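Peer 1: I am sharing input_19.txt, which consists of compact mmCIF, C-alpha atoms and all ligand atoms:
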# COMPACT_ATOMS: atom_id res chain seq x y z
CA MET A 29 48.83 34.96 23.16
CA SER A 30 52.26 34.19 24.56
CA GLU A 31 53.40 30.64 25.23
CA GLU A 32 53.49 30.98 29.06
CA LYS A 33 49.87 32.12 29.38
CA VAL A 34 48.16 29.11 27.81
CA GLU A 35 48.17 25.41 28.46
CA ILE A 36 48.64 23.49 25.22
CA HIS A 37 47.05 20.07 24.82
CA ARG A 38 48.99 18.70 21.86
CA GLY A 39 46.95 16.21 19.90
CA LEU A 40 43.96 17.45 21.97
CA LYS A 41 44.85 14.70 24.46
CA GLY A 42 42.33 14.64 27.28
CA VAL A 43 40.31 17.56 25.87
CA TYR A 44 36.49 17.40 25.82
CA PHE A 45 35.27 19.50 22.92
CA ASP A 46 31.50 18.83 23.08
CA ARG A 47 28.79 16.51 24.38
CA SER A 48 27.61 13.45 22.43
CA ALA A 49 24.75 11.02 23.08
CA VAL A 50 26.07 8.38 20.68
CA SER A 51 28.76 6.30 22.37
CA SER A 52 30.60 6.25 25.67
CA ILE A 53 34.06 4.89 26.39
CA ASP A 54 35.55 4.15 29.78
CA GLY A 55 39.22 3.80 28.92
CA LYS A 56 40.27 2.76 32.41
CA ALA A 57 37.66 0.03 32.78
CA GLY A 58 37.87 -0.97 29.10
CA GLU A 59 34.16 -0.41 28.40
CA LEU A 60 32.38 0.75 25.27
CA ARG A 61 28.65 1.40 24.90
CA TYR A 62 26.58 2.54 21.96
CA ARG A 63 23.58 4.59 23.13
CA GLY A 64 23.97 2.95 26.56
CA TYR A 65 24.15 -0.66 25.29
CA SER A 66 27.31 -2.64 26.04
CA ILE A 67 29.45 -3.56 23.03
CA HIS A 68 29.53 -7.11 24.40
CA ASP A 69 25.73 -7.43 24.22
CA LEU A 70 25.64 -5.88 20.77
CA ALA A 71 28.48 -8.11 19.47
CA THR A 72 26.82 -11.27 20.75
CA ARG A 73 23.10 -10.47 20.39
CA SER A 74 22.60 -7.77 17.74
CA THR A 75 23.24 -7.47 14.01
CA PHE A 76 25.03 -4.72 12.10
CA GLU A 77 21.72 -3.53 10.64
CA GLU A 78 20.12 -3.29 14.08
CA THR A 79 23.22 -1.54 15.47
CA CYS A 80 23.07 1.00 12.61
CA TYR A 81 19.42 1.71 13.47
CA LEU A 82 20.32 2.10 17.14
CA LEU A 83 23.13 4.52 16.34
CA LEU A 84 21.12 6.61 13.89
CA HIS A 85 17.81 6.68 15.78
CA GLY A 86 18.96 6.36 19.38
CA GLU A 87 16.80 3.34 20.28
CA LEU A 88 16.70 -0.35 19.43
CA PRO A 89 14.13 -0.90 16.66
CA THR A 90 10.88 -2.88 16.91
CA ALA A 91 10.62 -5.81 14.49
CA ASP A 92 8.68 -3.64 11.98
CA GLN A 93 11.11 -0.73 12.26
CA LEU A 94 14.07 -3.07 11.71
CA SER A 95 12.39 -4.71 8.74
CA ASP A 96 11.70 -1.32 7.08
CA PHE A 97 15.24 -0.13 7.80
CA ASP A 98 16.74 -3.33 6.44
CA GLN A 99 14.64 -3.07 3.26
CA ALA A 100 15.79 0.52 2.79
CA LEU A 101 19.44 -0.58 3.14
CA ARG A 102 19.00 -3.45 0.67
CA ALA A 103 17.42 -1.08 -1.87
CA GLU A 104 20.51 1.17 -1.95
CA ARG A 105 23.23 -1.27 -2.95
CA THR A 106 23.52 -0.17 -6.57
CA LEU A 107 26.06 2.51 -7.43
CA PRO A 108 25.31 5.20 -10.03
CA ASP A 109 27.03 4.48 -13.38
CA GLY A 110 29.03 7.69 -13.00
CA VAL A 111 30.53 6.42 -9.75
CA MET A 112 31.41 3.09 -11.41
CA ASP A 113 33.22 5.09 -14.12
CA VAL A 114 35.18 7.00 -11.47
CA ILE A 115 36.17 3.75 -9.74
CA ASP A 116 37.28 2.36 -13.08
CA ALA A 117 39.36 5.47 -13.79
CA VAL A 118 41.23 5.36 -10.45
CA GLN A 119 41.38 1.57 -10.09
CA SER A 120 45.16 1.39 -9.70
CA ALA A 121 45.15 3.55 -6.55
CA HIS A 122 45.09 2.16 -2.97
CA PRO A 123 41.52 1.03 -2.10
CA MET A 124 41.28 3.76 0.57
CA GLU A 125 42.01 6.41 -2.05
CA VAL A 126 39.44 4.81 -4.33
CA LEU A 127 36.92 4.75 -1.48
CA ARG A 128 37.58 8.40 -0.60
CA THR A 129 37.19 9.36 -4.26
CA GLY A 130 34.10 7.15 -4.65
CA ILE A 131 32.30 8.69 -1.66
CA SER A 132 33.15 12.15 -2.93
CA ALA A 133 31.74 11.19 -6.35
CA LEU A 134 28.57 9.77 -4.75
CA GLY A 135 27.79 13.28 -3.53
CA ALA A 136 27.46 14.42 -7.13
CA PHE A 137 24.66 11.89 -7.71
CA ASP A 138 22.81 12.09 -4.39
CA PRO A 139 19.39 13.76 -4.63
CA ASP A 140 19.71 15.13 -1.08
CA VAL A 141 23.36 16.14 -1.28
CA ASP A 142 23.07 19.69 0.05
CA ASP A 143 20.10 19.13 2.35
CA ASN A 144 21.41 18.86 5.90
CA SER A 145 17.98 18.55 7.53
CA LEU A 146 17.58 15.57 9.86
CA ASP A 147 15.35 13.61 7.45
CA ALA A 148 17.67 14.10 4.49
CA ALA A 149 20.77 13.36 6.56
CA LEU A 150 19.21 10.08 7.72
CA ARG A 151 18.29 9.16 4.13
CA LYS A 152 21.86 9.86 3.04
CA SER A 153 23.19 7.87 5.97
CA VAL A 154 21.21 4.80 4.86
CA ARG A 155 22.45 5.22 1.31
CA LEU A 156 26.07 5.60 2.39
CA ILE A 157 25.92 2.56 4.69
CA SER A 158 24.93 0.49 1.63
CA GLN A 159 27.01 2.26 -1.01
CA VAL A 160 30.35 2.22 0.79
CA PRO A 161 30.69 -1.62 0.75
CA ALA A 162 29.48 -1.56 -2.87
CA ILE A 163 32.40 0.77 -3.77
CA VAL A 164 34.97 -1.43 -2.00
CA ALA A 165 33.65 -4.62 -3.62
CA ALA A 166 33.27 -3.12 -7.11
CA HIS A 167 36.81 -1.74 -7.00
CA GLN A 168 38.27 -5.07 -5.94
CA ARG A 169 36.45 -6.82 -8.82
CA ILE A 170 37.43 -4.19 -11.39
CA ARG A 171 41.12 -4.09 -10.44
CA THR A 172 41.36 -7.86 -10.63
CA GLY A 173 39.77 -7.93 -14.10
CA LEU A 174 36.40 -9.26 -12.91
CA ASP A 175 32.90 -7.89 -13.44
CA PRO A 176 31.34 -6.15 -10.42
CA VAL A 177 28.69 -8.31 -8.75
CA PRO A 178 25.31 -6.68 -8.08
CA GLY A 179 24.04 -6.95 -4.50
CA ASP A 180 21.82 -9.90 -3.54
CA PRO A 181 18.65 -8.62 -1.85
CA ALA A 182 18.27 -11.99 -0.10
CA LEU A 183 21.47 -11.43 1.90
CA GLY A 184 22.10 -9.34 5.00
CA HIS A 185 24.60 -6.48 4.98
CA ALA A 186 27.77 -8.37 5.97
CA ALA A 187 27.01 -11.47 3.88
CA ASN A 188 26.14 -9.30 0.90
CA PHE A 189 29.45 -7.45 1.12
CA LEU A 190 31.37 -10.73 1.03
CA TYR A 191 29.16 -11.88 -1.85
CA MET A 192 29.78 -8.71 -3.89
CA LEU A 193 33.50 -9.03 -3.14
CA LYS A 194 33.98 -12.68 -4.03
CA GLY A 195 31.04 -13.49 -6.28
CA GLU A 196 29.86 -16.34 -4.07
CA ALA A 197 27.70 -16.36 -0.94
CA PRO A 198 29.85 -16.76 2.21
CA SER A 199 29.36 -19.49 4.81
CA GLU A 200 27.09 -18.56 7.70
CA ASP A 201 30.11 -18.51 9.99
CA ALA A 202 32.12 -16.17 7.76
CA ALA A 203 29.16 -13.80 7.37
CA GLN A 204 28.55 -13.82 11.11
CA LEU A 205 32.16 -12.97 11.93
CA MET A 206 32.11 -10.11 9.43
CA ASP A 207 28.84 -8.90 10.96
CA VAL A 208 30.43 -8.87 14.44
CA ASP A 209 33.50 -7.11 13.05
CA MET A 210 31.29 -4.37 11.59
CA ILE A 211 29.34 -3.97 14.86
CA LEU A 212 32.63 -3.58 16.75
CA HIS A 213 33.87 -0.89 14.35
CA ALA A 214 30.58 1.00 14.01
CA GLU A 215 31.22 3.89 16.37
CA HIS A 216 33.95 5.10 18.69
CA GLY A 217 33.47 8.60 20.02
CA ALA A 218 35.85 11.39 19.10
CA ASN A 219 38.43 9.25 17.28
CA ALA A 220 40.46 11.02 14.60
CA SER A 221 38.20 10.22 11.64
CA SER A 222 34.94 10.97 13.48
CA PHE A 223 36.41 14.20 14.80
CA THR A 224 37.36 15.03 11.22
CA ALA A 225 33.79 14.25 10.13
CA ARG A 226 32.51 16.64 12.80
CA VAL A 227 34.95 19.42 11.88
CA VAL A 228 33.74 19.28 8.28
CA ALA A 229 30.05 19.00 9.25
CA GLY A 230 30.66 21.92 11.63
CA THR A 231 31.33 24.20 8.65
CA GLN A 232 27.86 23.13 7.39
CA ALA A 233 29.42 21.35 4.45
CA ASN A 234 27.37 18.29 3.45
CA LEU A 235 27.50 14.71 4.73
CA HIS A 236 29.39 13.43 1.68
CA ALA A 237 32.12 16.05 2.24
CA SER A 238 32.25 15.10 5.90
CA MET A 239 32.57 11.38 5.15
CA THR A 240 35.12 11.91 2.38
CA ALA A 241 37.34 13.74 4.88
CA ALA A 242 36.76 11.05 7.51
CA VAL A 243 37.98 8.35 5.10
CA GLY A 244 41.13 10.39 4.51
CA ALA A 245 41.75 10.52 8.26
CA LEU A 246 41.10 6.80 8.71
CA SER A 247 43.64 5.87 6.04
CA GLY A 248 46.67 6.70 8.21
CA PRO A 249 48.56 3.91 10.02
CA SER A 250 48.05 5.49 13.46
CA HIS A 251 44.30 5.03 12.99
CA GLY A 252 42.77 2.52 10.56
CA GLY A 253 45.98 1.34 8.97
CA ALA A 254 46.98 -0.74 11.98
CA ALA A 255 45.11 -3.93 10.96
CA GLU A 256 47.04 -4.06 7.67
CA ASN A 257 50.30 -3.53 9.53
CA VAL A 258 49.51 -6.24 12.11
CA MET A 259 49.21 -8.80 9.33
CA LYS A 260 52.51 -7.62 7.83
CA MET A 261 54.05 -7.92 11.30
CA ALA A 262 52.71 -11.47 11.75
CA GLN A 263 54.16 -12.43 8.37
CA GLU A 264 57.50 -10.85 9.24
CA ILE A 265 57.61 -12.71 12.57
CA GLY A 266 56.91 -15.93 10.65
CA GLU A 267 56.87 -18.35 13.59
CA PRO A 268 55.62 -17.93 17.19
CA GLU A 269 59.09 -18.51 18.65
CA ASN A 270 60.40 -15.39 16.84
CA ALA A 271 57.85 -13.06 18.47
CA ALA A 272 59.83 -12.17 21.60
CA ASP A 273 62.96 -11.16 19.63
CA TYR A 274 60.83 -9.18 17.19
CA VAL A 275 59.18 -7.20 20.00
CA LYS A 276 62.52 -6.59 21.67
CA ALA A 277 64.09 -5.27 18.45
CA GLN A 278 61.12 -3.00 17.67
CA ARG A 279 61.07 -1.57 21.16
CA LYS A 280 64.83 -0.99 21.04
CA ALA A 281 64.28 1.00 17.85
CA ARG A 282 61.33 2.76 19.59
CA ILE A 283 58.94 1.52 16.91
CA PRO A 284 55.39 0.94 18.23
CA ILE A 285 54.05 -2.60 18.01
CA MET A 286 51.10 -2.52 15.66
CA GLY A 287 47.71 -3.33 17.18
CA PHE A 288 48.84 -2.23 20.65
CA GLY A 289 48.19 1.00 22.48
CA HIS A 290 45.28 3.36 22.36
CA ARG A 291 44.73 7.03 23.06
CA VAL A 292 41.74 6.27 25.32
CA TYR A 293 41.92 2.61 26.45
CA LYS A 294 44.47 1.89 29.11
CA ALA A 295 42.84 -1.49 29.86
CA GLU A 296 42.34 -3.96 27.01
CA ASP A 297 40.18 -2.62 24.19
CA PRO A 298 36.81 -4.34 24.86
CA ARG A 299 36.33 -4.99 21.14
CA ALA A 300 39.44 -7.14 20.92
CA ARG A 301 38.05 -10.16 22.74
CA HIS A 302 35.29 -10.86 20.20
CA LEU A 303 37.77 -10.91 17.34
CA ARG A 304 40.33 -12.88 19.35
CA ASP A 305 37.76 -15.67 19.68
CA GLY A 306 37.07 -15.44 15.95
CA VAL A 307 40.77 -15.63 15.01
CA LYS A 308 41.26 -18.64 17.26
CA ARG A 309 38.28 -20.48 15.78
CA LEU A 310 38.94 -19.52 12.16
CA SER A 311 42.67 -20.24 12.19
CA ILE A 312 42.03 -23.76 13.50
CA GLU A 313 39.09 -24.33 11.11
CA MET A 314 41.15 -23.17 8.13
CA GLY A 315 44.16 -25.27 9.06
CA GLU A 316 46.35 -22.21 9.76
CA PRO A 317 46.70 -22.25 13.59
CA LYS A 318 50.07 -20.53 13.20
CA TRP A 319 48.54 -17.07 12.90
CA TYR A 320 46.71 -17.28 16.20
CA ALA A 321 49.84 -18.70 17.84
CA ILE A 322 51.99 -15.83 16.51
CA LEU A 323 49.53 -13.21 17.78
CA GLU A 324 49.37 -14.81 21.21
CA ALA A 325 53.19 -14.96 21.34
CA VAL A 326 53.28 -11.20 20.60
CA VAL A 327 50.75 -10.59 23.40
CA GLU A 328 52.96 -12.63 25.72
CA ALA A 329 56.05 -10.64 24.73
CA MET A 330 54.14 -7.37 25.30
CA GLN A 331 53.11 -8.35 28.85
CA PRO A 332 55.63 -5.97 30.50
CA TYR A 333 53.98 -3.07 28.62
CA ALA A 334 50.44 -4.06 29.64
CA ARG A 335 51.29 -2.80 33.13
CA LYS A 336 51.96 0.61 31.54
CA GLY A 337 48.54 0.58 29.89
CA ILE A 338 49.66 -0.61 26.46
CA ASN A 339 47.31 -3.43 25.55
CA VAL A 340 45.88 -4.97 22.41
CA ASN A 341 43.42 -2.86 20.45
CA VAL A 342 40.67 -3.96 18.03
CA ASP A 343 43.01 -3.91 15.05
CA PHE A 344 45.32 -6.53 16.50
CA TYR A 345 42.99 -9.39 15.63
CA ALA A 346 40.92 -7.85 12.83
CA GLY A 347 43.63 -8.13 10.17
CA VAL A 348 44.14 -11.84 10.71
CA VAL A 349 40.37 -12.45 10.48
CA TYR A 350 40.34 -10.78 7.07
CA HIS A 351 43.48 -12.65 5.98
CA LEU A 352 41.91 -15.97 6.89
CA HIS A 353 38.91 -14.98 4.77
CA GLY A 354 41.30 -14.59 1.81
CA ILE A 355 40.88 -10.81 1.73
CA PRO A 356 43.92 -8.85 0.43
CA GLU A 357 45.75 -6.69 2.98
CA ASP A 358 45.00 -3.36 1.35
CA LEU A 359 41.27 -4.00 1.86
CA PHE A 360 41.61 -4.20 5.65
CA VAL A 361 41.22 -0.46 6.23
CA PRO A 362 38.33 -0.14 3.76
CA ILE A 363 36.56 -2.90 5.72
CA PHE A 364 37.07 -0.85 8.89
CA ALA A 365 35.53 2.07 6.96
CA ILE A 366 32.51 -0.02 5.94
CA GLY A 367 31.86 -0.71 9.61
CA ARG A 368 32.46 2.91 10.68
CA VAL A 369 30.02 4.55 8.20
CA PRO A 370 27.10 4.67 10.68
CA GLY A 371 29.39 6.24 13.31
CA TRP A 372 30.59 8.96 10.93
CA ALA A 373 27.04 9.52 9.69
CA VAL A 374 25.49 9.88 13.14
CA GLN A 375 28.27 12.17 14.32
CA GLY A 376 27.69 14.35 11.26
CA VAL A 377 23.96 14.35 12.03
CA GLU A 378 24.63 15.21 15.68
CA GLN A 379 26.92 18.04 14.62
CA PHE A 380 24.31 19.44 12.20
CA GLU A 381 21.66 19.23 14.93
CA LYS A 382 23.51 21.45 17.42
CA ASN A 383 26.11 22.98 15.25
CA ILE A 384 29.05 25.08 16.26
CA LEU A 385 32.04 25.82 14.06
CA ILE A 386 35.01 23.82 15.41
CA ARG A 387 37.95 26.17 15.34
CA PRO A 388 40.66 25.84 18.01
CA LEU A 389 43.79 27.96 18.34
CA THR A 390 47.53 27.45 18.08
CA VAL A 391 50.17 29.35 19.99
CA TYR A 392 52.48 31.10 17.54
CA ASN A 393 56.13 30.20 18.12
CA GLY A 394 57.68 31.44 14.88
CA PRO A 395 59.94 34.50 14.42
CA GLY A 396 58.94 37.87 15.90
CA PHE A 397 58.12 40.91 13.76
CA ARG A 398 60.40 41.29 10.76
CA ASP A 399 60.71 43.97 8.11
CA TYR A 400 59.81 42.74 4.64
CA VAL A 401 62.98 42.31 2.56
CA ALA A 402 62.87 43.23 -1.11
CA MET A 403 63.78 40.43 -3.53
CA GLU A 404 67.02 42.09 -4.65
CA ASP A 405 68.23 42.37 -1.04
CA ARG A 406 67.80 38.69 -0.06
C1 LIG B 1 47.35 4.35 18.82
C2 LIG B 1 48.54 5.23 19.21
C3 LIG B 1 48.87 6.18 18.04
C4 LIG B 1 48.17 6.04 20.46
O1 LIG B 1 49.19 6.88 20.73
P1 LIG B 1 49.18 8.03 21.85
O2 LIG B 1 47.93 8.10 22.60
O3 LIG B 1 49.63 9.28 21.15
O4 LIG B 1 50.26 7.53 22.85
P2 LIG B 1 51.81 7.71 22.67
O5 LIG B 1 52.23 7.41 21.27
O6 LIG B 1 52.17 9.04 23.24
O7 LIG B 1 52.36 6.55 23.62
C5 LIG B 1 52.49 6.67 25.03
C6 LIG B 1 53.59 5.71 25.47
O8 LIG B 1 53.21 4.37 25.15
C7 LIG B 1 54.14 3.79 24.23
N1 LIG B 1 53.36 3.06 23.21
C8 LIG B 1 52.18 3.45 22.67
N2 LIG B 1 51.78 2.56 21.75
C9 LIG B 1 52.72 1.59 21.74
C10 LIG B 1 52.86 0.41 20.98
N3 LIG B 1 51.94 0.08 20.07
N4 LIG B 1 53.92 -0.37 21.20
C11 LIG B 1 54.83 -0.02 22.13
N5 LIG B 1 54.78 1.09 22.86
C12 LIG B 1 53.72 1.90 22.68
C13 LIG B 1 54.86 4.95 23.59
O9 LIG B 1 56.15 4.57 23.13
C14 LIG B 1 54.91 5.94 24.71
O10 LIG B 1 55.94 5.58 25.58
P3 LIG B 1 56.91 6.69 26.21
O11 LIG B 1 56.00 7.54 27.05
O12 LIG B 1 57.90 5.89 26.96
O13 LIG B 1 57.47 7.46 25.04
C15 LIG B 1 49.77 4.36 19.52
O14 LIG B 1 49.49 3.53 20.62
C16 LIG B 1 50.24 3.54 18.33
O15 LIG B 1 50.97 4.03 17.47
N6 LIG B 1 49.82 2.23 18.25
C17 LIG B 1 50.17 1.37 17.16
C18 LIG B 1 49.23 1.61 16.00
C19 LIG B 1 47.84 1.07 16.26
O16 LIG B 1 47.66 -0.06 16.66
N7 LIG B 1 46.83 1.91 15.98
C20 LIG B 1 45.43 1.53 16.08
C21 LIG B 1 44.75 2.24 17.19
S1 LIG B 1 43.10 1.59 17.36
Show the structure stored in the file as structure tokens.
Peer 2:
Amino acid sequence: MSEEKVEIHRGLKGVYFDRSAVSSIDGKAGELRYRGYSIHDLATRSTFEETCYLLLHGELPTADQLSDFDQALRAERTLPDGVMDVIDAVQSAHPMEVLRTGISALGAFDPDVDDNSLDAALRKSVRLISQVPAIVAAHQRIRTGLDPVPGDPALGHAANFLYMLKGEAPSEDAAQLMDVDMILHAEHGANASSFTARVVAGTQANLHASMTAAVGALSGPSHGGAAENVMKMAQEIGEPENAADYVKAQRKARIPIMGFGHRVYKAEDPRARHLRDGVKRLSIEMGEPKWYAILEAVVEAMQPYARKGINVNVDFYAGVVYHLHGIPEDLFVPIFAIGRVPGWAVQGVEQFEKNILIRPLTVYNGPGFRDYVAMEDR
């Protein structure tokens, strides 16, 4: 196909590749819904467990359904010994590489690994929702010379993650903020990692392969890496009064400001406001109001760009929340991954359910036909 005859959508910008009943995004209005429910209602009234059920099953659970689902999640927090050995062996790598390797290794121990039926895929989804935070926490303990902490069945998902990470139960407030953070990250349409998950599921590879690939996609700074970079930016800025000069210098060098801009949202990312409130509260509570002040000074300096549709995204505030919780920067993306597991899982399930191989085309723009040249003539 010659270049003039086709319209190329680089980066698949604006291209609809399928239908999905999982989440809807209105980028212009700045709205996000999971299965029809507003992210604002879910962030303020739901829990991560309930949101996972909603995403996987399509409806809000009854009290009994939620209780059974929650019990199933709590029962899956232990990692196979073989996976612990793998984590130990790769402990010096970045936590996202460890997570990608750990999820891949989990496939080797999962009794349903190659069964892509709906029932098996849902069982694997529950296991992965519980096992992914266990990998992140175990790795953090191992690489800092501490023993991994087994899950506490008395704690909910978010609180249990913080417990396994730090070895002590978090305050109610800290657990609640982490719960909200996970709800906000749970699902987001055809983002790069979920699209990756669907491409892999579309070949009828298994859910572990699909999620392993998704974690690889999330690890890049244009996607999940932004929260880590926002914290680095805040540290580099140092004081609120330096923010304007920092923004000016970055823009002059045409470097994007981390935590701003989005492929779909042209209004403010609706997830940002829930974390903004959290950062404000936490930074005052923890005696570090500077961080909130720096972020707000960056927002102020970015005002001229807001008119062009470049606004804060969810990652702008997330990193500072984690920092205030004493979580190291290289765990920020893995925490995003912990929240996104149900989204990847349900998109894999949806792909399996009405599968089609995802295989687009590229327009060739290399050299025309050439005669092969023998080695001695080159
Ligand atoms: C997320 C992101 C990759 C989306 O990019 P995209 O849809 O491909 O949009 P583009 O990179 O083509 O940007 C379009 C315009 O907005 C500008 N822009 C986009 N993000 C910007 C940012 N964070 N800071 C300043 N300008 C930005 C670009 O410079 C470009 O301007 P131009 O047309 O004058 O060249 C991009 O906004 C970005 O790199 N953001 C920072 C990283 C981040 O926070 N990622 C997390 C996303 S949840």
Peer 1: Kindly work out which residues sit at most 10 Å from ligand LIG 1 (chain B), using only C-alpha atoms and all ligand atoms, and give the list as a PyMOL selection string.
Peer 2: chain A and resi 38-42+216+219+248-258+275+278-279+282-294+297+330+333-334+336-344
Peer 1: Expressed in Å to a single decimal, how great is the separation between CA of Lys56 (chain A) and CA of Pro332 (chain A)?
Peer 2: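 Distance between the two atoms: 17.8 Å.
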Peer 1: Mind giving me the straight-line distance from CA of Leu156 (chain A) to CA of His236 (chain A) in Å, one decimal?
Peer 2: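 If I compute the distance from CA of Leu156 (chain A) to CA of His236 (chain A), I get 8.5 Å.
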Peer 1: Which value, in Å to one decimal, gives the distance between CA of Glu104 (chain A) and CA of Ile157 (chain A)?
Peer 2: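 It comes out at 8.7 Å.
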Peer 1: Return the single residue from A:Val141, A:Ile163, A:Leu352, A:Leu310 that is closest to Val126 (chain A), with distances computed using only C-alpha atoms.
Peer 2: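 Smallest separation from Val126 (chain A) among the options: A:Ile163.
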Peer 1: So that I can see what lies close to Ser74 (chain A), please list as a PyMOL selection string the residues with an atom at most 12 Å from it, counting all atoms listed in the file and leaving out residues fewer than 2 positions away in the same chain.
Peer 2: chain A and resi 62+65-72+76-82+88-89+94+204+207-212
Peer 1: Just the residues within 7 Å of Ala329 (chain A), please, counting only C-alpha atoms, with nothing from its chain fewer than 3 positions along; format it as a list in words.
Peer 2: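 The neighbour list is Ala271, Ala272, Val275, Ala325 and Val326 of chain A.
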